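J.: This is target27.txt, which holds compact mmCIF, C-alpha atoms:
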```
# COMPACT_ATOMS: atom_id res chain seq x y z
CA MET A 121 0.90 -22.99 24.80
CA ASP A 122 2.57 -26.41 24.76
CA ILE A 123 4.29 -27.91 21.76
CA ASN A 124 1.25 -29.98 20.74
CA GLN A 125 -0.94 -26.88 20.65
CA PHE A 126 1.79 -25.14 18.66
CA ILE A 127 1.84 -28.01 16.15
CA GLU A 128 -1.96 -27.78 15.82
CA LYS A 129 -1.62 -24.10 14.95
CA LEU A 130 1.13 -24.82 12.42
CA GLU A 131 -1.03 -27.49 10.75
CA ILE A 132 -3.94 -25.04 10.47
CA GLU A 133 -1.70 -22.40 8.89
CA PHE A 134 -0.03 -24.90 6.51
CA GLU A 135 -3.29 -25.49 4.64
CA GLU A 136 -2.01 -28.38 2.51
CA VAL A 137 -0.68 -30.33 5.54
CA GLU A 138 -2.97 -32.99 6.96
CA SER A 139 -4.01 -32.58 10.59
CA GLY A 140 -2.04 -34.92 12.89
CA SER A 141 0.77 -35.48 10.39
CA MET A 142 3.36 -33.28 12.11
CA THR A 143 5.34 -34.15 15.24
CA PRO A 144 8.01 -32.36 17.31
CA ASP A 145 10.60 -34.21 15.21
CA THR A 146 9.25 -33.08 11.84
CA VAL A 147 12.05 -31.45 9.85
CA PHE A 148 10.54 -28.42 8.13
CA VAL A 149 12.57 -28.53 4.91
CA GLU A 150 11.91 -32.27 4.51
CA MET A 151 8.13 -31.75 4.43
CA LYS A 152 6.90 -32.45 0.91
CA GLU A 153 4.80 -29.28 1.00
CA TRP A 154 7.67 -27.01 2.22
CA CYS A 155 8.16 -23.88 0.10
CA SER A 156 9.17 -20.24 0.56
CA LEU A 157 5.58 -19.37 1.49
CA TYR A 158 5.82 -21.75 4.46
CA ALA A 159 8.81 -19.81 5.85
CA LEU A 160 6.65 -16.65 5.73
CA ILE A 161 3.79 -18.53 7.40
CA VAL A 162 6.10 -19.59 10.27
CA MET A 163 7.39 -16.01 10.69
CA ALA A 164 3.85 -14.58 10.70
CA LEU A 165 2.53 -17.21 13.14
CA VAL A 166 5.38 -16.69 15.61
CA SER A 167 4.96 -12.91 15.39
CA THR A 168 1.18 -12.93 15.86
CA GLU A 169 1.10 -15.60 18.59
CA PHE A 170 4.23 -14.68 20.57
CA ASP A 171 5.19 -11.20 19.34
CA ILE A 172 8.62 -12.60 18.47
CA ASP A 173 10.43 -11.38 15.35
CA LEU A 174 12.18 -14.33 13.64
CA SER A 175 14.76 -13.62 10.94
CA GLY A 176 15.54 -15.71 7.88
CA ASP A 177 18.78 -16.74 9.61
CA ASP A 178 16.82 -17.92 12.67
CA LEU A 179 14.89 -20.27 10.40
CA LEU A 180 18.06 -21.49 8.68
CA ASN A 181 19.56 -22.34 12.08
CA ILE A 182 16.74 -24.61 13.17
CA SER A 183 15.71 -27.92 11.74
CA THR A 184 12.73 -29.44 13.55
CA VAL A 185 9.46 -28.22 14.99
CA SER A 186 10.86 -28.78 18.46
CA ASP A 187 13.94 -26.64 17.62
CA LEU A 188 11.59 -23.84 16.65
CA PHE A 189 9.48 -24.23 19.78
CA GLU A 190 12.62 -24.13 21.97
CA LEU A 191 13.86 -21.02 20.18
CA ILE A 192 10.52 -19.33 20.89
CA GLN A 193 10.73 -20.28 24.58
CA ARG A 194 14.28 -18.85 24.80
CA ARG A 195 13.23 -15.60 23.13
CA LYS A 196 10.20 -15.31 25.40
CA THR A 197 12.34 -15.48 28.52
CA SER A 198 15.23 -13.34 27.25
CA MET B 167 -7.75 26.77 9.49
CA SER B 168 -8.68 23.09 9.34
CA ALA B 169 -8.53 20.70 6.39
CA THR B 170 -10.64 17.84 5.18
CA LEU B 171 -10.61 15.23 2.46
CA VAL B 172 -13.45 16.34 0.16
CA ALA B 173 -13.54 13.83 -2.69
CA LEU B 174 -11.65 10.91 -4.23
CA ASP B 175 -11.55 9.00 -7.48
CA TYR B 176 -9.24 6.61 -9.28
CA TYR B 177 -8.23 5.16 -12.61
CA LEU B 178 -7.15 1.62 -13.41
CA PRO B 179 -5.67 0.82 -16.83
CA GLU B 180 -7.86 -1.18 -19.18
CA ARG B 181 -5.64 -4.25 -19.47
CA VAL B 182 -6.38 -6.88 -16.82
CA VAL B 183 -4.02 -9.81 -16.18
CA THR B 184 -5.74 -12.68 -14.39
CA ASN B 185 -4.03 -15.43 -12.43
CA ASP B 186 -4.97 -17.91 -15.18
CA GLU B 187 -3.13 -15.73 -17.68
CA LEU B 188 -0.08 -15.49 -15.40
CA ALA B 189 -0.15 -19.23 -14.67
CA ALA B 190 0.07 -19.90 -18.41
CA CYS B 191 3.49 -18.15 -18.40
CA PHE B 192 4.83 -20.16 -15.45
CA PRO B 193 4.59 -23.95 -15.90
CA GLY B 194 3.73 -25.78 -12.67
CA GLN B 195 1.82 -22.84 -11.20
CA ASN B 196 -1.92 -22.57 -10.87
CA ALA B 197 -4.28 -19.65 -10.37
CA GLN B 198 -5.57 -20.88 -7.01
CA GLN B 199 -2.06 -21.21 -5.53
CA MET B 200 -1.29 -17.70 -6.74
CA LEU B 201 -4.40 -16.30 -5.08
CA ARG B 202 -3.51 -18.03 -1.84
CA SER B 203 0.08 -16.78 -1.69
CA SER B 204 -0.52 -13.22 -2.95
CA GLY B 205 -4.17 -12.50 -2.18
CA VAL B 206 -4.46 -11.10 -5.73
CA ALA B 207 -6.78 -12.60 -8.36
CA GLN B 208 -6.21 -10.00 -11.07
CA ARG B 209 -4.21 -6.85 -11.67
CA HIS B 210 -4.50 -3.91 -14.06
CA ILE B 211 -1.40 -3.18 -16.15
CA ALA B 212 -0.57 0.07 -17.93
CA ALA B 213 -0.54 -0.02 -21.72
CA ALA B 214 2.77 0.46 -23.54
CA GLY B 215 3.53 4.16 -23.42
CA GLU B 216 0.85 4.87 -20.81
CA ALA B 217 3.00 6.82 -18.35
CA PRO B 218 2.06 7.16 -14.67
CA SER B 219 1.28 10.84 -15.32
CA ASP B 220 -1.24 9.80 -18.01
CA MET B 221 -3.01 7.63 -15.43
CA ALA B 222 -2.88 10.49 -12.90
CA TRP B 223 -4.48 12.78 -15.49
CA GLN B 224 -7.26 10.22 -16.01
CA ALA B 225 -7.84 9.94 -12.26
CA ALA B 226 -7.99 13.75 -11.97
CA GLN B 227 -10.56 13.95 -14.79
CA ARG B 228 -12.75 11.42 -12.99
CA LEU B 229 -12.49 13.43 -9.79
CA PHE B 230 -13.32 16.68 -11.59
CA GLN B 231 -16.36 14.98 -13.16
CA GLN B 232 -17.86 14.68 -9.68
CA PHE B 233 -17.88 18.49 -9.56
CA TYR B 234 -18.75 19.24 -13.20
CA GLN B 235 -22.13 17.57 -12.78
CA TYR B 236 -22.97 20.22 -10.18
CA GLY B 237 -21.73 23.07 -12.38
CA LEU B 238 -18.47 23.52 -10.45
CA GLU B 239 -15.05 23.94 -12.07
CA PRO B 240 -12.47 22.76 -9.47
CA THR B 241 -9.49 23.76 -11.64
CA GLU B 242 -10.34 27.42 -10.99
CA TYR B 243 -9.84 26.94 -7.27
CA ILE B 244 -7.10 24.34 -6.84
CA ASP B 245 -4.00 26.20 -5.64
CA GLY B 246 -1.80 23.19 -4.80
CA LEU B 247 -0.87 20.07 -6.77
CA LEU B 248 1.05 17.25 -5.11
CA TYR B 249 2.08 14.40 -7.38
CA CYS B 250 3.36 11.10 -6.08
CA SER B 251 4.98 8.58 -8.43
CA GLU B 252 8.19 6.53 -8.53
CA ILE B 253 8.61 7.11 -12.27
CA PRO B 254 8.63 10.81 -13.28
CA ASP B 255 8.06 11.92 -16.86
CA CYS B 256 11.63 13.28 -16.97
CA ARG B 257 14.45 14.45 -14.65
CA ALA B 258 13.35 18.06 -14.98
CA PRO B 259 11.01 19.77 -14.68
CA MET B 260 9.01 17.98 -12.03
CA THR B 261 6.10 15.97 -13.39
CA ALA B 262 3.76 18.00 -11.14
CA ILE B 263 4.63 21.05 -13.27
CA LEU B 264 3.80 19.18 -16.48
CA LEU B 265 0.54 17.85 -15.01
CA HIS B 266 -0.34 21.35 -13.80
CA GLY B 267 -0.29 22.48 -17.45
CA ARG B 268 -2.17 19.44 -18.78
CA LEU B 269 -4.89 19.85 -16.15
CA GLY B 270 -5.25 23.59 -16.80
CA LEU B 271 -4.78 24.65 -13.18
CA ARG B 272 -4.42 28.33 -12.26
CA SER B 273 -0.92 29.82 -12.40
CA ASP B 274 -0.72 30.88 -8.73
CA CYS B 275 -0.45 27.23 -7.74
CA LEU B 276 2.16 25.22 -5.86
CA ALA B 277 3.24 22.09 -7.76
CA LEU B 278 5.44 19.47 -6.11
CA ASP B 279 6.58 15.90 -6.78
CA ILE B 280 6.72 13.64 -3.74
CA PRO B 281 8.04 10.27 -4.93
CA ALA B 282 7.34 8.41 -1.71
CA GLY B 283 6.07 4.97 -2.76
CA CYS B 284 3.83 3.08 -0.34
CA THR B 285 3.55 6.01 2.09
CA GLY B 286 3.04 8.57 -0.70
CA PHE B 287 -0.66 9.16 -0.14
CA MET B 288 -0.09 9.61 3.59
CA ASN B 289 2.77 12.05 3.02
CA GLY B 290 0.62 13.96 0.54
CA LEU B 291 -2.25 14.11 3.01
CA LEU B 292 0.08 15.36 5.75
CA LEU B 293 1.56 18.04 3.47
CA ALA B 294 -1.87 19.13 2.22
CA LYS B 295 -3.22 19.39 5.77
CA SER B 296 -0.14 21.33 6.91
CA LEU B 297 -0.19 23.72 3.96
CA ILE B 298 -3.90 24.41 4.44
CA SER B 299 -3.61 24.74 8.24
CA SER B 300 -0.80 27.27 7.81
CA LYS B 301 -3.07 29.23 5.43
CA GLN B 302 -0.71 28.88 2.46
CA LEU B 303 -3.23 26.97 0.35
CA ARG B 304 -6.97 26.28 0.28
CA HIS B 305 -7.57 23.47 -2.19
CA VAL B 306 -4.93 20.78 -2.78
CA LEU B 307 -5.17 18.17 -5.52
CA LEU B 308 -3.21 15.07 -4.49
CA LEU B 309 -2.43 12.66 -7.32
CA THR B 310 -0.80 9.25 -6.95
CA ALA B 311 0.19 7.13 -9.95
CA GLU B 312 2.34 4.06 -10.36
CA ALA B 313 3.38 1.86 -13.27
CA THR B 314 5.27 -0.69 -11.17
CA SER B 315 4.91 -3.22 -14.01
CA TRP B 316 7.58 -1.16 -15.81
CA VAL B 317 10.19 -2.21 -13.20
CA VAL B 318 9.06 -5.83 -12.74
CA PRO B 319 10.87 -8.41 -14.90
CA GLU B 320 8.64 -10.74 -16.90
CA ASP B 321 10.19 -13.82 -15.30
CA ASP B 322 9.61 -12.73 -11.66
CA LEU B 323 6.35 -14.41 -10.67
CA ALA B 324 6.40 -13.26 -7.03
CA LEU B 325 6.49 -9.59 -8.06
CA ARG B 326 4.12 -9.98 -10.99
CA MET B 327 1.52 -11.60 -8.75
CA ILE B 328 1.47 -8.75 -6.24
CA PHE B 329 2.18 -5.51 -8.07
CA ALA B 330 -0.22 -3.65 -10.34
CA ASP B 331 -0.63 -0.25 -11.96
CA GLY B 332 -3.13 2.50 -11.23
CA ALA B 333 -3.68 6.08 -10.18
CA ALA B 334 -5.86 8.04 -7.79
CA ALA B 335 -6.90 11.64 -7.23
CA ALA B 336 -7.98 13.30 -4.00
CA LEU B 337 -9.08 16.83 -3.20
CA ILE B 338 -8.20 18.22 0.23
CA SER B 339 -9.75 21.57 1.10
CA ALA B 340 -9.88 24.16 3.86
CA SER B 341 -12.76 23.40 6.14
CA PRO B 342 -14.34 24.81 9.30
CA LYS B 343 -14.05 21.37 10.88
CA ASP B 344 -10.90 19.24 10.95
CA GLY B 345 -11.44 16.03 8.99
CA ILE B 346 -7.80 14.88 9.00
CA GLY B 347 -6.36 13.88 12.37
CA GLU B 348 -2.90 13.89 13.87
CA PHE B 349 -0.15 11.90 12.12
CA ILE B 350 2.46 9.46 13.29
CA PHE B 351 5.29 8.73 10.86
CA GLY B 352 8.77 7.22 10.78
CA VAL B 353 11.56 5.79 8.69
CA ASP B 354 14.12 2.98 9.01
CA SER B 355 16.68 3.27 6.22
CA SER B 356 18.19 -0.11 7.17
CA GLY B 357 15.33 -1.49 5.06
CA ALA B 358 16.41 0.41 1.94
CA GLY B 359 17.91 -2.74 0.40
CA ALA B 360 14.89 -4.93 1.14
CA LEU B 361 12.49 -3.19 -1.22
CA GLY B 362 13.41 -0.79 -3.99
CA VAL B 363 14.81 -0.15 -7.43
CA PRO B 364 18.62 -0.04 -7.06
CA ASP B 365 20.98 1.05 -9.84
CA SER B 366 18.53 3.62 -11.12
CA GLY B 367 19.91 6.99 -10.06
CA ALA B 368 22.91 9.18 -9.28
CA ARG B 369 24.61 6.76 -6.84
CA GLN B 370 24.65 4.01 -9.41
CA PRO B 371 22.97 4.65 -12.73
CA LEU B 372 21.46 1.84 -14.73
CA ASN B 373 24.69 0.17 -15.79
CA GLN B 374 26.19 -1.95 -18.48
CA VAL B 375 26.45 -5.04 -16.26
CA PHE B 376 22.72 -4.84 -15.59
CA LEU B 377 21.96 -4.26 -19.26
CA ASN B 378 24.16 -7.23 -20.25
CA GLU B 379 22.56 -9.49 -17.64
CA ASN B 380 19.06 -8.37 -18.47
CA GLY B 381 19.56 -7.60 -22.13
CA GLU B 382 16.60 -9.71 -23.11
CA ILE B 383 14.31 -7.76 -20.81
CA SER B 384 13.66 -4.20 -21.77
CA MET B 385 13.66 -2.35 -18.44
CA PRO B 386 15.00 1.17 -18.88
CA PHE B 387 13.70 2.32 -15.49
CA GLY B 388 15.47 -0.34 -13.43
CA HIS B 389 14.50 -3.55 -11.73
CA LEU B 390 12.37 -3.76 -8.58
CA GLN B 391 13.89 -5.98 -5.91
CA MET B 392 12.00 -7.26 -2.88
CA ASN B 393 13.02 -9.43 0.05
CA GLY B 394 9.62 -10.78 1.06
CA GLN B 395 10.78 -12.05 4.46
CA GLU B 396 12.22 -8.66 5.44
CA VAL B 397 9.12 -6.81 4.23
CA LEU B 398 6.89 -9.12 6.28
CA ARG B 399 9.09 -8.73 9.39
CA PHE B 400 9.09 -4.94 9.04
CA SER B 401 5.31 -4.84 8.60
CA LEU B 402 4.61 -7.05 11.61
CA ARG B 403 7.13 -5.10 13.73
CA GLU B 404 6.11 -1.53 12.89
CA VAL B 405 2.45 -1.48 11.82
CA PRO B 406 0.83 -2.67 15.08
CA VAL B 407 2.93 -0.08 16.96
CA LEU B 408 1.96 2.57 14.41
CA MET B 409 -1.72 1.73 14.87
CA GLN B 410 -1.44 2.09 18.64
CA LYS B 411 0.47 5.38 18.44
CA VAL B 412 -2.04 6.85 15.98
CA LEU B 413 -4.89 5.94 18.35
CA GLU B 414 -3.08 7.52 21.30
CA LYS B 415 -2.16 10.71 19.44
CA ASN B 416 -5.78 11.14 18.35
CA ASN B 417 -7.17 10.29 21.82
CA LEU B 418 -9.13 7.38 20.42
CA GLU B 419 -9.70 3.76 21.37
CA LYS B 420 -9.60 0.99 18.80
CA GLU B 421 -13.38 0.61 19.15
CA ASP B 422 -13.85 4.24 18.05
CA ILE B 423 -12.60 3.41 14.55
CA ASP B 424 -15.34 2.46 12.07
CA ILE B 425 -13.04 1.03 9.42
CA PHE B 426 -9.32 0.26 9.14
CA VAL B 427 -7.79 0.92 5.72
CA PHE B 428 -4.21 -0.33 5.49
CA HIS B 429 -1.81 -0.13 2.55
CA GLN B 430 -2.75 -3.13 0.38
CA ALA B 431 0.76 -4.64 0.44
CA SER B 432 -0.20 -8.26 -0.23
CA GLY B 433 -2.98 -10.53 0.90
CA PHE B 434 -0.53 -12.41 3.10
CA VAL B 435 0.78 -9.28 4.85
CA LEU B 436 -2.79 -7.95 5.32
CA ASN B 437 -4.01 -11.22 6.87
CA ALA B 438 -1.04 -11.36 9.26
CA LEU B 439 -1.54 -7.69 10.26
CA GLN B 440 -5.27 -8.12 10.80
CA LYS B 441 -4.52 -11.02 13.12
CA LYS B 442 -1.70 -9.27 15.01
CA CYS B 443 -3.68 -6.02 15.35
CA ALA B 444 -6.82 -8.01 16.33
CA ILE B 445 -9.13 -6.13 13.96
CA PRO B 446 -12.57 -7.70 13.35
CA GLU B 447 -13.20 -8.81 9.76
CA GLU B 448 -16.12 -6.42 9.23
CA LYS B 449 -13.90 -3.43 10.07
CA PHE B 450 -10.86 -4.45 8.00
CA PHE B 451 -11.04 -3.23 4.41
CA ARG B 452 -9.52 -5.20 1.56
CA CYS B 453 -9.57 -4.63 -2.19
CA ILE B 454 -6.23 -6.20 -3.13
CA GLU B 455 -7.88 -9.23 -4.72
CA SER B 456 -9.13 -7.20 -7.69
CA THR B 457 -6.57 -4.38 -7.84
CA GLY B 458 -3.22 -5.77 -6.58
CA ASN B 459 -0.63 -3.59 -4.86
CA THR B 460 -0.70 -0.24 -6.67
CA VAL B 461 1.90 1.20 -4.23
CA SER B 462 1.02 4.85 -3.45
CA SER B 463 -2.46 4.43 -4.93
CA THR B 464 -3.69 1.55 -2.73
CA LEU B 465 -4.96 3.81 0.06
CA PRO B 466 -6.96 6.29 -2.05
CA ILE B 467 -8.30 3.45 -4.24
CA SER B 468 -9.35 1.58 -1.07
CA LEU B 469 -11.03 4.70 0.30
CA ALA B 470 -12.92 5.28 -2.95
CA ARG B 471 -13.96 1.62 -3.07
CA ALA B 472 -15.05 1.62 0.59
CA LEU B 473 -17.12 4.75 -0.10
CA SER B 474 -18.82 3.24 -3.13
CA GLU B 475 -19.50 0.03 -1.19
CA GLY B 476 -21.14 2.08 1.61
CA LYS B 477 -18.52 0.99 4.15
CA ILE B 478 -17.57 4.63 4.74
CA LYS B 479 -20.49 6.96 5.44
CA SER B 480 -20.84 10.53 6.58
CA GLY B 481 -19.22 10.74 10.01
CA SER B 482 -17.20 7.50 9.66
CA ARG B 483 -13.85 7.45 11.42
CA VAL B 484 -11.28 5.77 9.19
CA MET B 485 -7.79 4.72 10.25
CA LEU B 486 -5.34 5.06 7.36
CA LEU B 487 -1.94 3.36 7.63
CA GLY B 488 0.74 3.51 4.94
CA PHE B 489 3.94 1.46 5.15
CA GLY B 490 6.56 0.02 2.84
CA VAL B 491 9.44 1.09 0.64
CA GLY B 492 12.11 2.87 2.69
CA PHE B 493 11.26 1.41 5.07
CA ALA B 494 8.82 4.16 5.94
CA TRP B 495 5.45 4.33 7.66
CA SER B 496 2.78 6.93 8.32
CA GLY B 497 -0.72 6.87 9.76
CA THR B 498 -3.64 9.04 10.76
CA VAL B 499 -7.39 8.95 11.34
CA ILE B 500 -9.74 10.80 9.02
CA GLU B 501 -13.35 11.63 9.63
CA TRP B 502 -15.34 11.45 6.43
CA GLN B 503 -17.60 14.48 6.50
CA GLN B 504 -19.25 14.14 3.11
CA GLY B 505 -21.90 11.64 2.18
CA ASP B 506 -21.58 11.33 -1.58
CA ALA B 507 -20.55 13.39 -4.60
CA SER B 508 -23.43 15.86 -4.20
CA PHE B 509 -22.37 16.51 -0.61
CA SER B 510 -18.75 16.91 -1.75
CA ALA B 511 -19.78 19.44 -4.38
CA ALA B 512 -21.98 21.40 -1.97
CA PHE B 513 -19.20 21.35 0.60
CA PHE B 514 -16.64 22.50 -1.93
CA GLU B 515 -18.92 25.32 -3.11
CA ALA B 516 -19.63 26.48 0.43
CA ASN B 517 -15.91 26.71 1.16
CA LEU B 518 -14.78 28.56 -1.93
CA VAL B 519 -14.80 32.00 -0.32
CA GLU B 520 -11.42 33.31 0.75
```
Show me this structure written as structure tokens.

T.:
Amino acid sequence: MDINQFIEKLEIEFEEVESGSMTPDTVFVEMKEWCSLYALIVMALVSTEFDIDLSGDDLLNISTVSDLFELIQRRKTS
Amino acid sequence: MSATLVALDYYLPERVVTNDELAACFPGQNAQQMLRSSGVAQRHIAAAGEAPSDMAWQAAQRLFQQFYQYGLEPTEYIDGLLYCSEIPDCRAPMTAILLHGRLGLRSDCLALDIPAGCTGFMNGLLLAKSLISSKQLRHVLLLTAEATSWVVPEDDLALRMIFADGAAAALISASPKDGIGEFIFGVDSSGAGALGVPDSGARQPLNQVFLNENGEISMPFGHLQMNGQEVLRFSLREVPVLMQKVLEKNNLEKEDIDIFVFHQASGFVLNALQKKCAIPEEKFFRCIESTGNTVSSTLPISLARALSEGKIKSGSRVMLLGFGVGFAWSGTVIEWQQGDASFSAAFFEANLVE
């Protein structure tokens, strides 16, 4: 899965977010729809798609979509 | 000697709190958002003074009714009572003893409390099977009852959306054919702080600081605390592994299971688990929308609902997975041998002989 496909999946899961509105540079917490439910959605998506267990601290340490995607790639190879 | 689950029933308190009613207490929230984030549209809440054991008694009466209509008196035969609730009637004696008296069970009967939360029904099923297999007992009444609303503060929307009250009753009996499969279970006490009612027992009793901070909220049984992120991580980490291990221990493939009944934790957790476990929609049972998370009662309520909806039939293989507070988890596969209440009664009657 490349980052664009990952963004498509995120946009599907974030029901209120319009398709095509997110980019690799989107800062999660600056999204107008961002809420605690979205953090759970990210955790669930990363677990179901990549079998990677993200913690709350992992999410606090990243800012953009591309940060998250890179973290997933690192975890996949470690 | 083998054991099987013979019959089930449940009781939900009369009072129903809808999302519209909840939304009215929390400005800026709406019912649709609540349904989306929790998967719950309404929940039943115990009346003031309606103790969990009162709900358990009601559930037991409904179960007994299934037998009364065929002229059978199950209380004459039940020789084991297992009672699962997080809020006992009192410190001593065990609530199972008090319920034993209220239900009029015979005196040569084992009565035990097993306050195990989300895995309570599974633990009860495992104990009942083991006690019957070892020829100690023949007919075990397993009651689960929770009044979680008693430990949820009025101003905590996240908890109020998900948790609900209710009770269930199940009869497990000796049987020529094994209807309850092999179990897998486990615990991870590192999750003890992520979901539970702290400051409510010997280590730290309900204290003055808590009472001062929460003086306006009358919560004499403590205050439920939940870290939603940690509960989700635990569920996604352990439940798919549990499912796989249960299949392996029972020499089954996923395709052999007719219906998957998971603890109804929250709509969000269930959706994520269904996806991660790759279970087709038609085989994944849900009833959380109308009942909420009734903790130890979600599994028996789901089973009873699935039976009444015709989703479990005679011969159906059902995977049951419990997981939550602890953290703890437990799973097995049951084979439903009865068709309906008349079959249950006939089965019960045929197996009464010593």

J.: Do you know which residues are at most 9 Å from Asp424 of chain B counting all atoms listed in the file, after dropping those on the same chain fewer than 5 positions away, and could you put them as a ChimeraX atom specification?

T.: /B:449,477-478,482-485

J.: Mind pulling up the distance from atom CA of Ala277 of chain B to atom CA of Trp223 of chain B?

T.: 14.4 Å

J.: List every residue of chain A that has an atom at most 12 Å from any atom of chain B, and for each one report the closest atom pair and its distance in Å to one decimal, counting only C-alpha atoms, with rows sorted by chain and then by increasing residue number, as CSV.

T.:
```
residue,atom,partner,partner_atom,distance
A:Glu133,CA,B:Ala438,CA,11.1
A:Phe134,CA,B:Arg202,CA,11.4
A:Glu135,CA,B:Arg202,CA,9.9
A:Glu136,CA,B:Gln199,CA,10.8
A:Cys155,CA,B:Ser203,CA,10.9
A:Ser156,CA,B:Gln395,CA,9.2
A:Leu157,CA,B:Ser203,CA,6.9
A:Tyr158,CA,B:Ser203,CA,9.8
A:Ala159,CA,B:Gln395,CA,8.1
A:Leu160,CA,B:Gln395,CA,6.3
A:Ile161,CA,B:Phe434,CA,8.6
A:Val162,CA,B:Gln395,CA,10.6
A:Met163,CA,B:Arg399,CA,7.6
A:Ala164,CA,B:Ala438,CA,6.0
A:Leu165,CA,B:Ala438,CA,7.9
A:Val166,CA,B:Lys442,CA,10.3
A:Ser167,CA,B:Leu402,CA,7.0
A:Thr168,CA,B:Lys442,CA,4.7
A:Glu169,CA,B:Lys442,CA,7.8
A:Phe170,CA,B:Lys442,CA,9.8
A:Asp171,CA,B:Lys442,CA,8.4
A:Ile172,CA,B:Arg403,CA,9.0
A:Asp173,CA,B:Arg399,CA,6.7
A:Leu174,CA,B:Arg399,CA,7.7
A:Ser175,CA,B:Arg399,CA,7.6
A:Gly176,CA,B:Gln395,CA,6.9
A:Asp177,CA,B:Gln395,CA,10.6
A:Asp178,CA,B:Gln395,CA,11.8
A:Leu179,CA,B:Gln395,CA,10.9
```

J.: Just want the 10 Å neighbourhood of Leu188 of chain B, counted on only C-alpha atoms, with same-chain residues fewer than 4 positions away dropped. Output as a ChimeraX atom specification.

T.: /B:183-184,192-193,195-197,200,208,323,326-327

J.: Kindly indicate which residue among B:Ala336, B:Ala169, B:Ala222, B:Ala207 lies nearest to Glu312 of chain B, using only C-alpha atoms for the distances.

T.: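 Using only C-alpha atoms, the shortest distance to Glu312 of chain B belongs to B:Ala222.
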
J.: Any idea what the distance is between atom CA of Val306 of chain B and atom CA of Gly246 of chain B?

T.: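 If I compute the distance from atom CA of Val306 of chain B to atom CA of Gly246 of chain B, I get 4.4 Å.
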
J.: Centre and edge lengths, as AutoDock Vina command-line options, for the axis-aligned box enclosing every listed atom of segment 186-189 of chain A with 4 Å of padding on each of the six sides, in Å to one decimal?

T.:
```
--center_x 11.7 --center_y -26.3 --center_z 18.2 --size_x 12.5 --size_y 12.9 --size_z 11.1
```

J.: For Ala173 of chain B, which residue out of B:Phe489, B:Trp316, B:Trp495, B:Phe513 is the nearest one, using only C-alpha atoms?

T.: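 Using only C-alpha atoms, Ala173 of chain B sits closest to B:Phe513.
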
J.: Which residues are near Ser183 of chain A? Cut-off 8 Å, all atoms listed in the file, ignore same chain within fewer than 5 positions. Put them as a list in words.

T.: Val147, Phe148, Val149 and Leu188 of chain A

J.: Of the candidates B:Pro364, B:Leu465, B:Lys420, B:Pro179, which shows the shortest atom-to-atom distance to Pro446 of chain B, using all atoms listed in the file?

T.: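 Comparing B:Pro364, B:Leu465, B:Lys420, B:Pro179 against Pro446 of chain B, the winner is B:Lys420.
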
J.: When you draw a straight line from atom CA of Ser339 of chain B to atom CA of Glu239 of chain B, how long is it in Å?

T.: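 Those two atoms sit 14.4 Å apart.
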